[in-house]
>>> print(open('upload_3.txt').read())   # compact mmCIF, N, CA and C atoms
# COMPACT_ATOMS: atom_id res chain seq x y z
N MET A 66 -10.48 -31.68 17.94
CA MET A 66 -10.99 -31.49 16.60
C MET A 66 -10.81 -30.04 16.15
N LYS A 67 -11.08 -29.12 17.07
CA LYS A 67 -10.96 -27.70 16.75
C LYS A 67 -9.51 -27.34 16.44
N SER A 68 -8.59 -27.94 17.16
CA SER A 68 -7.18 -27.69 16.94
C SER A 68 -6.73 -28.20 15.58
N LYS A 69 -7.24 -29.34 15.18
CA LYS A 69 -6.88 -29.91 13.88
C LYS A 69 -7.44 -29.07 12.74
N LEU A 70 -8.65 -28.55 12.92
CA LEU A 70 -9.24 -27.67 11.90
C LEU A 70 -8.44 -26.37 11.77
N ALA A 71 -8.01 -25.84 12.90
CA ALA A 71 -7.20 -24.62 12.87
C ALA A 71 -5.86 -24.87 12.19
N ALA A 72 -5.25 -26.01 12.46
CA ALA A 72 -3.98 -26.35 11.81
C ALA A 72 -4.17 -26.54 10.31
N ALA A 73 -5.26 -27.17 9.92
CA ALA A 73 -5.55 -27.36 8.49
C ALA A 73 -5.80 -26.03 7.80
N ALA A 74 -6.52 -25.13 8.48
CA ALA A 74 -6.76 -23.80 7.92
C ALA A 74 -5.46 -23.04 7.73
N ALA A 75 -4.56 -23.13 8.70
CA ALA A 75 -3.27 -22.45 8.60
C ALA A 75 -2.44 -23.02 7.46
N ILE A 76 -2.46 -24.33 7.30
CA ILE A 76 -1.69 -24.95 6.21
C ILE A 76 -2.26 -24.54 4.85
N LEU A 77 -3.57 -24.58 4.71
CA LEU A 77 -4.20 -24.19 3.44
C LEU A 77 -3.96 -22.70 3.14
N TYR A 78 -4.03 -21.87 4.17
CA TYR A 78 -3.80 -20.43 3.97
C TYR A 78 -2.36 -20.17 3.57
N PHE A 79 -1.43 -20.94 4.15
CA PHE A 79 -0.02 -20.78 3.79
C PHE A 79 0.22 -21.24 2.36
N ILE A 80 -0.40 -22.33 1.95
CA ILE A 80 -0.16 -22.89 0.61
C ILE A 80 -0.75 -21.98 -0.47
N PHE A 81 -1.98 -21.51 -0.30
CA PHE A 81 -2.62 -20.78 -1.39
C PHE A 81 -2.34 -19.28 -1.36
N PRO A 82 -2.94 -18.48 -0.48
CA PRO A 82 -2.68 -17.04 -0.62
C PRO A 82 -1.27 -16.62 -0.20
N MET A 83 -0.74 -17.20 0.86
CA MET A 83 0.56 -16.74 1.35
C MET A 83 1.70 -17.12 0.42
N SER A 84 1.60 -18.20 -0.30
CA SER A 84 2.67 -18.54 -1.24
C SER A 84 2.74 -17.52 -2.37
N ILE A 85 1.59 -17.03 -2.82
CA ILE A 85 1.57 -15.98 -3.84
C ILE A 85 2.13 -14.69 -3.27
N VAL A 86 1.77 -14.36 -2.04
CA VAL A 86 2.30 -13.16 -1.39
C VAL A 86 3.82 -13.27 -1.23
N LEU A 87 4.31 -14.43 -0.85
CA LEU A 87 5.76 -14.62 -0.71
C LEU A 87 6.47 -14.44 -2.05
N ILE A 88 5.89 -14.93 -3.11
CA ILE A 88 6.49 -14.76 -4.44
C ILE A 88 6.52 -13.28 -4.82
N ILE A 89 5.43 -12.57 -4.55
CA ILE A 89 5.40 -11.13 -4.83
C ILE A 89 6.44 -10.40 -3.99
N LEU A 90 6.54 -10.76 -2.71
CA LEU A 90 7.50 -10.09 -1.82
C LEU A 90 8.94 -10.34 -2.26
N ILE A 91 9.22 -11.51 -2.81
CA ILE A 91 10.58 -11.82 -3.24
C ILE A 91 10.90 -11.14 -4.57
N PHE A 92 9.98 -11.20 -5.52
CA PHE A 92 10.31 -10.73 -6.87
C PHE A 92 10.11 -9.24 -7.10
N THR A 93 9.34 -8.54 -6.28
CA THR A 93 9.17 -7.10 -6.49
C THR A 93 10.48 -6.34 -6.35
N PRO A 94 11.27 -6.54 -5.30
CA PRO A 94 12.55 -5.82 -5.24
C PRO A 94 13.52 -6.25 -6.34
N ILE A 95 13.44 -7.51 -6.76
CA ILE A 95 14.32 -7.99 -7.83
C ILE A 95 13.94 -7.33 -9.16
N MET A 96 12.66 -7.20 -9.43
CA MET A 96 12.19 -6.63 -10.69
C MET A 96 12.21 -5.10 -10.68
N PHE A 97 12.52 -4.49 -9.55
CA PHE A 97 12.52 -3.03 -9.45
C PHE A 97 13.47 -2.39 -10.45
N LEU A 98 14.69 -2.90 -10.53
CA LEU A 98 15.67 -2.33 -11.46
C LEU A 98 15.24 -2.50 -12.91
N SER A 99 14.61 -3.61 -13.22
CA SER A 99 14.10 -3.83 -14.57
C SER A 99 12.99 -2.83 -14.90
N ASP A 100 12.11 -2.57 -13.94
CA ASP A 100 11.04 -1.61 -14.15
C ASP A 100 11.58 -0.20 -14.36
N VAL A 101 12.57 0.18 -13.56
CA VAL A 101 13.19 1.50 -13.72
C VAL A 101 13.87 1.61 -15.08
N SER A 102 14.57 0.58 -15.48
CA SER A 102 15.23 0.57 -16.78
C SER A 102 14.22 0.68 -17.92
N THR A 103 13.10 -0.01 -17.80
CA THR A 103 12.06 0.04 -18.83
C THR A 103 11.47 1.45 -18.94
N ILE A 104 11.21 2.07 -17.82
CA ILE A 104 10.65 3.42 -17.83
C ILE A 104 11.64 4.40 -18.44
N ARG A 105 12.91 4.28 -18.05
CA ARG A 105 13.92 5.21 -18.58
C ARG A 105 14.15 4.98 -20.07
N THR A 106 14.15 3.74 -20.52
CA THR A 106 14.38 3.44 -21.94
C THR A 106 13.19 3.89 -22.79
N ALA A 107 11.98 3.61 -22.32
CA ALA A 107 10.79 3.94 -23.08
C ALA A 107 10.56 5.46 -23.12
N GLY A 108 10.89 6.13 -22.04
CA GLY A 108 10.72 7.58 -21.99
C GLY A 108 9.34 8.02 -21.56
N PHE A 109 8.50 7.10 -21.12
CA PHE A 109 7.20 7.48 -20.60
C PHE A 109 6.82 6.57 -19.44
N ALA A 110 5.81 6.99 -18.68
CA ALA A 110 5.42 6.29 -17.46
C ALA A 110 4.90 4.89 -17.77
N GLY A 111 5.17 3.98 -16.85
CA GLY A 111 4.70 2.61 -16.96
C GLY A 111 3.39 2.42 -16.23
N PRO A 112 2.95 1.18 -16.11
CA PRO A 112 1.67 0.91 -15.43
C PRO A 112 1.77 1.21 -13.93
N GLN A 113 0.68 1.68 -13.37
CA GLN A 113 0.61 2.01 -11.94
C GLN A 113 0.00 0.85 -11.17
N THR A 114 0.78 -0.19 -10.94
CA THR A 114 0.27 -1.37 -10.23
C THR A 114 0.76 -1.42 -8.78
N GLY A 115 1.49 -0.43 -8.35
CA GLY A 115 2.09 -0.46 -7.02
C GLY A 115 1.09 -0.50 -5.89
N ILE A 116 0.07 0.34 -5.96
CA ILE A 116 -0.92 0.41 -4.88
C ILE A 116 -1.70 -0.90 -4.80
N ALA A 117 -2.02 -1.49 -5.95
CA ALA A 117 -2.74 -2.76 -5.94
C ALA A 117 -1.90 -3.87 -5.31
N MET A 118 -0.61 -3.91 -5.65
CA MET A 118 0.27 -4.93 -5.07
C MET A 118 0.42 -4.76 -3.56
N ILE A 119 0.61 -3.53 -3.13
CA ILE A 119 0.72 -3.25 -1.69
C ILE A 119 -0.58 -3.63 -0.99
N GLY A 120 -1.72 -3.29 -1.59
CA GLY A 120 -3.01 -3.60 -0.98
C GLY A 120 -3.29 -5.09 -0.87
N ILE A 121 -3.01 -5.83 -1.93
CA ILE A 121 -3.26 -7.27 -1.91
C ILE A 121 -2.35 -7.96 -0.91
N CYS A 122 -1.06 -7.63 -0.95
CA CYS A 122 -0.13 -8.24 0.01
C CYS A 122 -0.51 -7.86 1.44
N GLY A 123 -0.81 -6.60 1.66
CA GLY A 123 -1.18 -6.15 3.00
C GLY A 123 -2.44 -6.80 3.52
N LEU A 124 -3.41 -7.03 2.63
CA LEU A 124 -4.65 -7.69 3.03
C LEU A 124 -4.39 -9.11 3.53
N PHE A 125 -3.67 -9.89 2.73
CA PHE A 125 -3.42 -11.28 3.11
C PHE A 125 -2.49 -11.39 4.31
N ILE A 126 -1.50 -10.50 4.41
CA ILE A 126 -0.62 -10.51 5.58
C ILE A 126 -1.40 -10.10 6.82
N GLY A 127 -2.25 -9.09 6.69
CA GLY A 127 -3.06 -8.64 7.82
C GLY A 127 -4.02 -9.71 8.31
N ILE A 128 -4.65 -10.41 7.39
CA ILE A 128 -5.55 -11.50 7.79
C ILE A 128 -4.77 -12.58 8.53
N SER A 129 -3.57 -12.89 8.04
CA SER A 129 -2.79 -13.93 8.71
C SER A 129 -2.32 -13.51 10.10
N MET A 130 -2.21 -12.20 10.33
CA MET A 130 -1.81 -11.73 11.65
C MET A 130 -2.99 -11.62 12.60
N LEU A 131 -4.17 -11.31 12.07
CA LEU A 131 -5.33 -11.08 12.92
C LEU A 131 -6.03 -12.36 13.37
N VAL A 132 -6.08 -13.36 12.52
CA VAL A 132 -6.80 -14.59 12.85
C VAL A 132 -5.86 -15.52 13.63
N PRO A 133 -6.21 -15.82 14.89
CA PRO A 133 -5.32 -16.64 15.71
C PRO A 133 -5.01 -18.01 15.11
N ALA A 134 -5.95 -18.62 14.44
CA ALA A 134 -5.70 -19.94 13.85
C ALA A 134 -4.65 -19.86 12.75
N LEU A 135 -4.61 -18.74 12.02
CA LEU A 135 -3.65 -18.59 10.93
C LEU A 135 -2.26 -18.19 11.43
N ARG A 136 -2.20 -17.65 12.64
CA ARG A 136 -0.90 -17.29 13.21
C ARG A 136 -0.03 -18.49 13.52
N ARG A 137 -0.62 -19.68 13.45
CA ARG A 137 0.15 -20.90 13.69
C ARG A 137 1.29 -21.05 12.71
N MET A 138 1.12 -20.53 11.50
CA MET A 138 2.18 -20.67 10.50
C MET A 138 3.43 -19.91 10.93
N TYR A 139 3.26 -18.81 11.68
CA TYR A 139 4.41 -18.06 12.15
C TYR A 139 5.12 -18.78 13.31
N ARG A 140 4.35 -19.59 14.05
CA ARG A 140 4.97 -20.39 15.10
C ARG A 140 5.66 -21.61 14.52
N ALA A 141 5.11 -22.15 13.45
CA ALA A 141 5.71 -23.33 12.81
C ALA A 141 6.97 -22.97 12.03
N ILE A 142 6.96 -21.79 11.40
CA ILE A 142 8.12 -21.31 10.63
C ILE A 142 8.54 -19.98 11.25
N PRO A 143 9.42 -19.99 12.24
CA PRO A 143 9.73 -18.78 13.02
C PRO A 143 10.32 -17.63 12.21
N TRP A 144 11.06 -17.91 11.14
CA TRP A 144 11.68 -16.84 10.37
C TRP A 144 10.70 -16.14 9.45
N LEU A 145 9.50 -16.70 9.28
CA LEU A 145 8.52 -16.15 8.33
C LEU A 145 8.04 -14.77 8.73
N TYR A 146 7.83 -14.52 10.02
CA TYR A 146 7.33 -13.22 10.47
C TYR A 146 8.32 -12.11 10.14
N ALA A 147 9.60 -12.33 10.45
CA ALA A 147 10.61 -11.31 10.16
C ALA A 147 10.76 -11.12 8.65
N PHE A 148 10.72 -12.21 7.90
CA PHE A 148 10.83 -12.14 6.45
C PHE A 148 9.70 -11.32 5.85
N ILE A 149 8.48 -11.60 6.26
CA ILE A 149 7.32 -10.89 5.72
C ILE A 149 7.36 -9.42 6.13
N THR A 150 7.73 -9.13 7.36
CA THR A 150 7.76 -7.75 7.82
C THR A 150 8.76 -6.92 7.02
N ILE A 151 9.97 -7.40 6.89
CA ILE A 151 11.01 -6.63 6.20
C ILE A 151 10.74 -6.56 4.70
N PHE A 152 10.35 -7.66 4.09
CA PHE A 152 10.11 -7.64 2.65
C PHE A 152 8.86 -6.85 2.29
N PHE A 153 7.85 -6.80 3.15
CA PHE A 153 6.67 -5.98 2.86
C PHE A 153 7.05 -4.51 2.86
N ILE A 154 7.90 -4.11 3.77
CA ILE A 154 8.37 -2.72 3.78
C ILE A 154 9.20 -2.45 2.53
N ASN A 155 10.01 -3.42 2.10
CA ASN A 155 10.76 -3.26 0.84
C ASN A 155 9.83 -3.10 -0.36
N VAL A 156 8.73 -3.83 -0.39
CA VAL A 156 7.76 -3.70 -1.48
C VAL A 156 7.13 -2.31 -1.46
N ILE A 157 6.80 -1.82 -0.28
CA ILE A 157 6.23 -0.47 -0.17
C ILE A 157 7.23 0.57 -0.67
N ILE A 158 8.50 0.45 -0.27
CA ILE A 158 9.52 1.40 -0.71
C ILE A 158 9.71 1.33 -2.23
N ALA A 159 9.83 0.13 -2.78
CA ALA A 159 10.07 -0.02 -4.22
C ALA A 159 8.89 0.49 -5.04
N ASN A 160 7.68 0.18 -4.64
CA ASN A 160 6.52 0.63 -5.40
C ASN A 160 6.29 2.13 -5.26
N THR A 161 6.58 2.69 -4.11
CA THR A 161 6.49 4.14 -3.95
C THR A 161 7.54 4.83 -4.82
N ALA A 162 8.74 4.28 -4.87
CA ALA A 162 9.78 4.85 -5.72
C ALA A 162 9.38 4.78 -7.19
N LEU A 163 8.77 3.69 -7.61
CA LEU A 163 8.30 3.59 -9.00
C LEU A 163 7.18 4.59 -9.28
N MET A 164 6.32 4.84 -8.30
CA MET A 164 5.27 5.84 -8.49
C MET A 164 5.87 7.24 -8.64
N ILE A 165 6.93 7.52 -7.87
CA ILE A 165 7.62 8.81 -8.00
C ILE A 165 8.22 8.94 -9.40
N LEU A 166 8.89 7.90 -9.86
CA LEU A 166 9.51 7.96 -11.19
C LEU A 166 8.44 8.06 -12.28
N ASN A 167 7.35 7.32 -12.16
CA ASN A 167 6.26 7.41 -13.13
C ASN A 167 5.66 8.81 -13.19
N LYS A 168 5.56 9.45 -12.03
CA LYS A 168 5.03 10.82 -11.99
C LYS A 168 5.93 11.77 -12.79
N GLY A 169 7.23 11.56 -12.71
CA GLY A 169 8.16 12.40 -13.46
C GLY A 169 8.12 12.15 -14.96
N TYR A 170 7.76 10.94 -15.35
CA TYR A 170 7.74 10.60 -16.78
C TYR A 170 6.37 10.78 -17.41
N GLU A 171 5.42 11.42 -16.70
CA GLU A 171 4.12 11.70 -17.29
C GLU A 171 4.21 12.79 -18.36
N VAL A 172 5.23 13.65 -18.24
CA VAL A 172 5.45 14.74 -19.18
C VAL A 172 6.78 14.49 -19.89
N THR A 173 6.83 14.76 -21.18
CA THR A 173 8.06 14.57 -21.93
C THR A 173 8.95 15.79 -21.76
N ASN A 174 9.83 15.70 -20.76
CA ASN A 174 10.75 16.78 -20.46
C ASN A 174 11.97 16.14 -19.80
N SER A 175 13.12 16.23 -20.43
CA SER A 175 14.30 15.52 -19.90
C SER A 175 14.76 16.08 -18.55
N THR A 176 14.57 17.37 -18.32
CA THR A 176 14.95 17.94 -17.02
C THR A 176 14.06 17.35 -15.92
N ARG A 177 12.78 17.27 -16.20
CA ARG A 177 11.85 16.68 -15.22
C ARG A 177 12.18 15.21 -14.99
N HIS A 178 12.54 14.48 -16.02
CA HIS A 178 12.91 13.08 -15.89
C HIS A 178 14.10 12.93 -14.94
N THR A 179 15.11 13.77 -15.13
CA THR A 179 16.31 13.71 -14.29
C THR A 179 15.99 14.07 -12.84
N ILE A 180 15.18 15.11 -12.66
CA ILE A 180 14.82 15.54 -11.29
C ILE A 180 14.08 14.42 -10.56
N PHE A 181 13.14 13.77 -11.24
CA PHE A 181 12.37 12.72 -10.58
C PHE A 181 13.19 11.45 -10.39
N LEU A 182 14.16 11.20 -11.24
CA LEU A 182 15.06 10.07 -11.01
C LEU A 182 15.90 10.31 -9.76
N ILE A 183 16.42 11.52 -9.62
CA ILE A 183 17.19 11.87 -8.41
C ILE A 183 16.29 11.83 -7.18
N LEU A 184 15.07 12.34 -7.32
CA LEU A 184 14.12 12.31 -6.20
C LEU A 184 13.82 10.87 -5.78
N MET A 185 13.68 9.98 -6.76
CA MET A 185 13.43 8.56 -6.47
C MET A 185 14.61 7.95 -5.72
N ILE A 186 15.83 8.23 -6.16
CA ILE A 186 17.02 7.68 -5.51
C ILE A 186 17.14 8.20 -4.08
N VAL A 187 16.88 9.50 -3.88
CA VAL A 187 16.93 10.08 -2.54
C VAL A 187 15.86 9.44 -1.65
N PHE A 188 14.67 9.21 -2.20
CA PHE A 188 13.62 8.57 -1.43
C PHE A 188 14.02 7.16 -1.00
N ILE A 189 14.58 6.39 -1.93
CA ILE A 189 14.98 5.02 -1.60
C ILE A 189 16.04 5.01 -0.50
N ILE A 190 17.05 5.86 -0.63
CA ILE A 190 18.11 5.91 0.37
C ILE A 190 17.55 6.35 1.72
N GLY A 191 16.71 7.38 1.72
CA GLY A 191 16.12 7.86 2.98
C GLY A 191 15.21 6.83 3.63
N ALA A 192 14.39 6.18 2.82
CA ALA A 192 13.47 5.18 3.37
C ALA A 192 14.22 3.97 3.91
N ARG A 193 15.25 3.53 3.20
CA ARG A 193 16.04 2.39 3.68
C ARG A 193 16.81 2.75 4.96
N LEU A 194 17.32 3.98 5.04
CA LEU A 194 17.99 4.42 6.27
C LEU A 194 16.99 4.47 7.43
N ALA A 195 15.81 5.01 7.18
CA ALA A 195 14.79 5.07 8.23
C ALA A 195 14.39 3.66 8.67
N MET A 196 14.26 2.75 7.72
CA MET A 196 13.92 1.37 8.06
C MET A 196 15.03 0.73 8.89
N SER A 197 16.27 0.97 8.52
CA SER A 197 17.40 0.40 9.26
C SER A 197 17.46 0.95 10.69
N ILE A 198 17.27 2.24 10.84
CA ILE A 198 17.29 2.84 12.18
C ILE A 198 16.13 2.30 13.02
N TYR A 199 14.95 2.19 12.42
CA TYR A 199 13.80 1.68 13.15
C TYR A 199 14.03 0.24 13.63
N PHE A 200 14.53 -0.62 12.74
CA PHE A 200 14.73 -2.01 13.12
C PHE A 200 15.95 -2.20 14.01
N LYS A 201 16.85 -1.23 14.04
CA LYS A 201 17.95 -1.30 15.01
C LYS A 201 17.42 -1.02 16.41
N LYS A 202 16.50 -0.05 16.51
CA LYS A 202 15.91 0.29 17.81
C LYS A 202 14.86 -0.73 18.26
N ARG A 203 14.09 -1.26 17.30
CA ARG A 203 13.04 -2.23 17.61
C ARG A 203 13.20 -3.44 16.70
N PRO A 204 14.05 -4.38 17.08
CA PRO A 204 14.28 -5.56 16.23
C PRO A 204 13.00 -6.39 16.02
N VAL A 205 12.93 -7.03 14.88
CA VAL A 205 11.79 -7.89 14.57
C VAL A 205 11.92 -9.15 15.39
N THR A 206 10.89 -9.46 16.14
CA THR A 206 10.87 -10.68 16.95
C THR A 206 9.81 -11.62 16.37
N SER A 207 9.82 -12.83 16.83
CA SER A 207 8.83 -13.79 16.35
C SER A 207 7.47 -13.47 16.96
N VAL A 208 6.44 -14.11 16.45
CA VAL A 208 5.07 -13.88 16.90
C VAL A 208 4.88 -14.37 18.32
N GLU A 209 5.61 -15.40 18.74
CA GLU A 209 5.46 -15.97 20.08
C GLU A 209 5.81 -14.95 21.16
N VAL A 210 6.79 -14.10 20.89
CA VAL A 210 7.21 -13.12 21.87
C VAL A 210 6.14 -12.05 22.04
N ARG A 211 5.43 -11.73 20.96
CA ARG A 211 4.42 -10.67 21.00
C ARG A 211 3.28 -11.15 21.79
>>> encode(input="upload_3.txt", output="structure tokens")
Amino acid sequence: MKSKLAAAAAILYFIFPMSIVLIILIFTPIMFLSDVSTIRTAGFAGPQTGIAMIGICGLFIGISMLVPALRRMYRAIPWLYAFITIFFINVIIANTALMILNKGYEVTNSTRHTIFLILMIVFIIGARLAMSIYFKKRPVTSVEVR
């Protein structure tokens, strides 16, 4: 009975909070270029929703990793752990880059805009290189191996 309740909890957790987290993880990197274009076209900073998105996704991902009953979803769908790990880091990189660009567009100065755009691009390249080197040395494995 306990096993069936744990399986039901994992299924419900995957359907409700994790499906929203998966949608956020997929669409944040896709919408990144649109957000950058909007900020550059408008000429002023956009909304600062990056920390909230990172926090909400991190909370639900963390709960799913900490509660043993919810970890069943990673055993049932083996690619999910690697997907969530890599895409969560992508969300952190994209939202941090948007925060950098927004900081540059707080003041109306075209030189500052250009400097912060270059700084954002350098940050993205550096963070992606660091992520690639890290995952080359420590590949993402499934939850069963851990």
>>> select_by_dssp(input="upload_3.txt", residues="range 82-202 of chain A", states="helix (DSSP H, G or I)", output="ChimeraX atom specification")
/A:82-107,115-131,137-141,144-169,175-202
>>> residues_around(input="upload_3.txt", residues="Ile149 in chain A", least_positions_apart="6", cutoff="8 Å", atoms="only C-alpha atoms", output="list of chain:residue names")
A:Leu87, A:Leu90, A:Ile126
>>> closest_residue(input="upload_3.txt", among="A:Leu194, A:Met130, A:Leu163, A:Leu184", to="Asp100 in chain A", atoms="all atoms listed in the file")
A:Leu163
>>> closest_residue(input="upload_3.txt", among="A:Ile183, A:Met138, A:Ile189, A:Leu166", to="Ala75 in chain A", atoms="only N, CA and C atoms")
A:Met138
>>> closest_atom_pairs(input="upload_3.txt", of="range 106-147 of chain A", to="range 168-177 of chain A", cutoff="9 Å", atoms="only C-alpha atoms", output="tab-separated table")
residue	atom	partner	partner_atom	distance
A:Gly108	CA	A:Tyr170	CA	6.7
A:Phe109	CA	A:Tyr170	CA	5.0
A:Ala110	CA	A:Tyr170	CA	4.9
A:Gly111	CA	A:Tyr170	CA	8.6
>>> residues_around(input="upload_3.txt", residues="Thr161 in chain A", least_positions_apart="2", cutoff="8 Å", atoms="all atoms listed in the file", output="PDB file with N, CA and C atoms, keeping the file's coordinate frame")
ATOM      1  N   GLY A 115       1.490  -0.430  -8.350  1.00  0.00           N
ATOM      2  CA  GLY A 115       2.090  -0.460  -7.020  1.00  0.00           C
ATOM      3  C   GLY A 115       1.090  -0.500  -5.890  1.00  0.00           C
ATOM      4  N   ILE A 116       0.070   0.340  -5.960  1.00  0.00           N
ATOM      5  CA  ILE A 116      -0.920   0.410  -4.880  1.00  0.00           C
ATOM      6  C   ILE A 116      -1.700  -0.900  -4.800  1.00  0.00           C
ATOM      7  N   ASN A 155      10.010  -3.420   2.100  1.00  0.00           N
ATOM      8  CA  ASN A 155      10.760  -3.260   0.840  1.00  0.00           C
ATOM      9  C   ASN A 155       9.830  -3.100  -0.360  1.00  0.00           C
ATOM     10  N   VAL A 156       8.730  -3.830  -0.390  1.00  0.00           N
ATOM     11  CA  VAL A 156       7.760  -3.700  -1.480  1.00  0.00           C
ATOM     12  C   VAL A 156       7.130  -2.310  -1.460  1.00  0.00           C
ATOM     13  N   ILE A 157       6.800  -1.820  -0.280  1.00  0.00           N
ATOM     14  CA  ILE A 157       6.230  -0.470  -0.170  1.00  0.00           C
ATOM     15  C   ILE A 157       7.230   0.570  -0.670  1.00  0.00           C
ATOM     16  N   ILE A 158       8.500   0.450  -0.270  1.00  0.00           N
ATOM     17  CA  ILE A 158       9.520   1.400  -0.710  1.00  0.00           C
ATOM     18  C   ILE A 158       9.710   1.330  -2.230  1.00  0.00           C
ATOM     19  N   ALA A 159       9.830   0.130  -2.780  1.00  0.00           N
ATOM     20  CA  ALA A 159      10.070  -0.020  -4.220  1.00  0.00           C
ATOM     21  C   ALA A 159       8.890   0.490  -5.040  1.00  0.00           C
ATOM     22  N   LEU A 163       8.770   3.690  -7.610  1.00  0.00           N
ATOM     23  CA  LEU A 163       8.300   3.590  -9.000  1.00  0.00           C
ATOM     24  C   LEU A 163       7.180   4.590  -9.280  1.00  0.00           C
ATOM     25  N   MET A 164       6.320   4.840  -8.300  1.00  0.00           N
ATOM     26  CA  MET A 164       5.270   5.840  -8.490  1.00  0.00           C
ATOM     27  C   MET A 164       5.870   7.240  -8.640  1.00  0.00           C
ATOM     28  N   ILE A 165       6.930   7.520  -7.870  1.00  0.00           N
ATOM     29  CA  ILE A 165       7.620   8.810  -8.000  1.00  0.00           C
ATOM     30  C   ILE A 165       8.220   8.940  -9.400  1.00  0.00           C
ATOM     31  N   LEU A 166       8.890   7.900  -9.860  1.00  0.00           N
ATOM     32  CA  LEU A 166       9.510   7.960 -11.190  1.00  0.00           C
ATOM     33  C   LEU A 166       8.440   8.060 -12.280  1.00  0.00           C
ATOM     34  N   ASN A 167       7.350   7.320 -12.160  1.00  0.00           N
ATOM     35  CA  ASN A 167       6.260   7.410 -13.130  1.00  0.00           C
ATOM     36  C   ASN A 167       5.660   8.810 -13.190  1.00  0.00           C
ATOM     37  N   MET A 185      13.680   9.980  -6.760  1.00  0.00           N
ATOM     38  CA  MET A 185      13.430   8.560  -6.470  1.00  0.00           C
ATOM     39  C   MET A 185      14.610   7.950  -5.720  1.00  0.00           C
ATOM     40  N   PHE A 188      14.670   9.210  -2.200  1.00  0.00           N
ATOM     41  CA  PHE A 188      13.620   8.570  -1.430  1.00  0.00           C
ATOM     42  C   PHE A 188      14.020   7.160  -1.000  1.00  0.00           C
ATOM     43  N   ILE A 189      14.580   6.390  -1.930  1.00  0.00           N
ATOM     44  CA  ILE A 189      14.980   5.020  -1.600  1.00  0.00           C
ATOM     45  C   ILE A 189      16.040   5.010  -0.500  1.00  0.00           C
TER      46      ILE A 189
END
>>> atom_distance(input="upload_3.txt", atom1="CA of Ile89 in chain A", atom2="CA of Leu145 in chain A")
14.4 Å
>>> closest_residue(input="upload_3.txt", among="A:Arg193, A:His178, A:Arg203, A:Arg136", to="Met83 in chain A", atoms="only C-alpha atoms")
A:Arg136
>>> residues_around(input="upload_3.txt", residues="Phe200 in chain A", least_positions_apart="4", cutoff="12 Å", atoms="only C-alpha atoms", output="PyMOL selection string")
chain A and resi 147+150-151+154+193-196+204-206
>>> atom_distance(input="upload_3.txt", atom1="atom N of Leu131 in chain A", atom2="atom N of Thr114 in chain A")
26.0 Å
>>> atom_distance(input="upload_3.txt", atom1="CA of Tyr78 in chain A", atom2="CA of Cys122 in chain A")
13.3 Å
>>> closest_residue(input="upload_3.txt", among="A:Val86, A:Arg105, A:Ile119, A:Ala134", to="Leu182 in chain A", atoms="only C-alpha atoms")
A:Arg105
>>> build_atoms(input="upload_3.txt", residues="range 77-86 of chain A", atoms="N, CA, C and O atoms", output="mmCIF file, in the coordinates of the input")
data_model
loop_
_atom_site.group_PDB
_atom_site.id
_atom_site.type_symbol
_atom_site.label_atom_id
_atom_site.label_comp_id
_atom_site.auth_asym_id
_atom_site.auth_seq_id
_atom_site.Cartn_x
_atom_site.Cartn_y
_atom_site.Cartn_z
ATOM 1 N N LEU A 77 -3.570 -24.580 4.710
ATOM 2 C CA LEU A 77 -4.200 -24.190 3.440
ATOM 3 C C LEU A 77 -3.960 -22.700 3.140
ATOM 4 O O LEU A 77 -3.719 -22.327 2.000
ATOM 5 N N TYR A 78 -4.030 -21.870 4.170
ATOM 6 C CA TYR A 78 -3.800 -20.430 3.970
ATOM 7 C C TYR A 78 -2.360 -20.170 3.570
ATOM 8 O O TYR A 78 -2.088 -19.304 2.752
ATOM 9 N N PHE A 79 -1.430 -20.940 4.150
ATOM 10 C CA PHE A 79 -0.020 -20.780 3.790
ATOM 11 C C PHE A 79 0.220 -21.240 2.360
ATOM 12 O O PHE A 79 0.964 -20.601 1.616
ATOM 13 N N ILE A 80 -0.400 -22.330 1.950
ATOM 14 C CA ILE A 80 -0.160 -22.890 0.610
ATOM 15 C C ILE A 80 -0.750 -21.980 -0.470
ATOM 16 O O ILE A 80 -0.084 -21.701 -1.465
ATOM 17 N N PHE A 81 -1.980 -21.510 -0.300
ATOM 18 C CA PHE A 81 -2.620 -20.780 -1.390
ATOM 19 C C PHE A 81 -2.340 -19.280 -1.360
ATOM 20 O O PHE A 81 -1.546 -18.811 -2.168
ATOM 21 N N PRO A 82 -2.940 -18.480 -0.480
ATOM 22 C CA PRO A 82 -2.680 -17.040 -0.620
ATOM 23 C C PRO A 82 -1.270 -16.620 -0.200
ATOM 24 O O PRO A 82 -0.665 -15.781 -0.864
ATOM 25 N N MET A 83 -0.740 -17.200 0.860
ATOM 26 C CA MET A 83 0.560 -16.740 1.350
ATOM 27 C C MET A 83 1.700 -17.120 0.420
ATOM 28 O O MET A 83 2.704 -16.404 0.363
ATOM 29 N N SER A 84 1.600 -18.200 -0.300
ATOM 30 C CA SER A 84 2.670 -18.540 -1.240
ATOM 31 C C SER A 84 2.740 -17.520 -2.370
ATOM 32 O O SER A 84 3.830 -17.129 -2.801
ATOM 33 N N ILE A 85 1.590 -17.030 -2.820
ATOM 34 C CA ILE A 85 1.570 -15.980 -3.840
ATOM 35 C C ILE A 85 2.130 -14.690 -3.270
ATOM 36 O O ILE A 85 2.913 -13.999 -3.935
ATOM 37 N N VAL A 86 1.770 -14.360 -2.040
ATOM 38 C CA VAL A 86 2.300 -13.160 -1.390
ATOM 39 C C VAL A 86 3.820 -13.270 -1.230
ATOM 40 O O VAL A 86 4.542 -12.301 -1.488
#
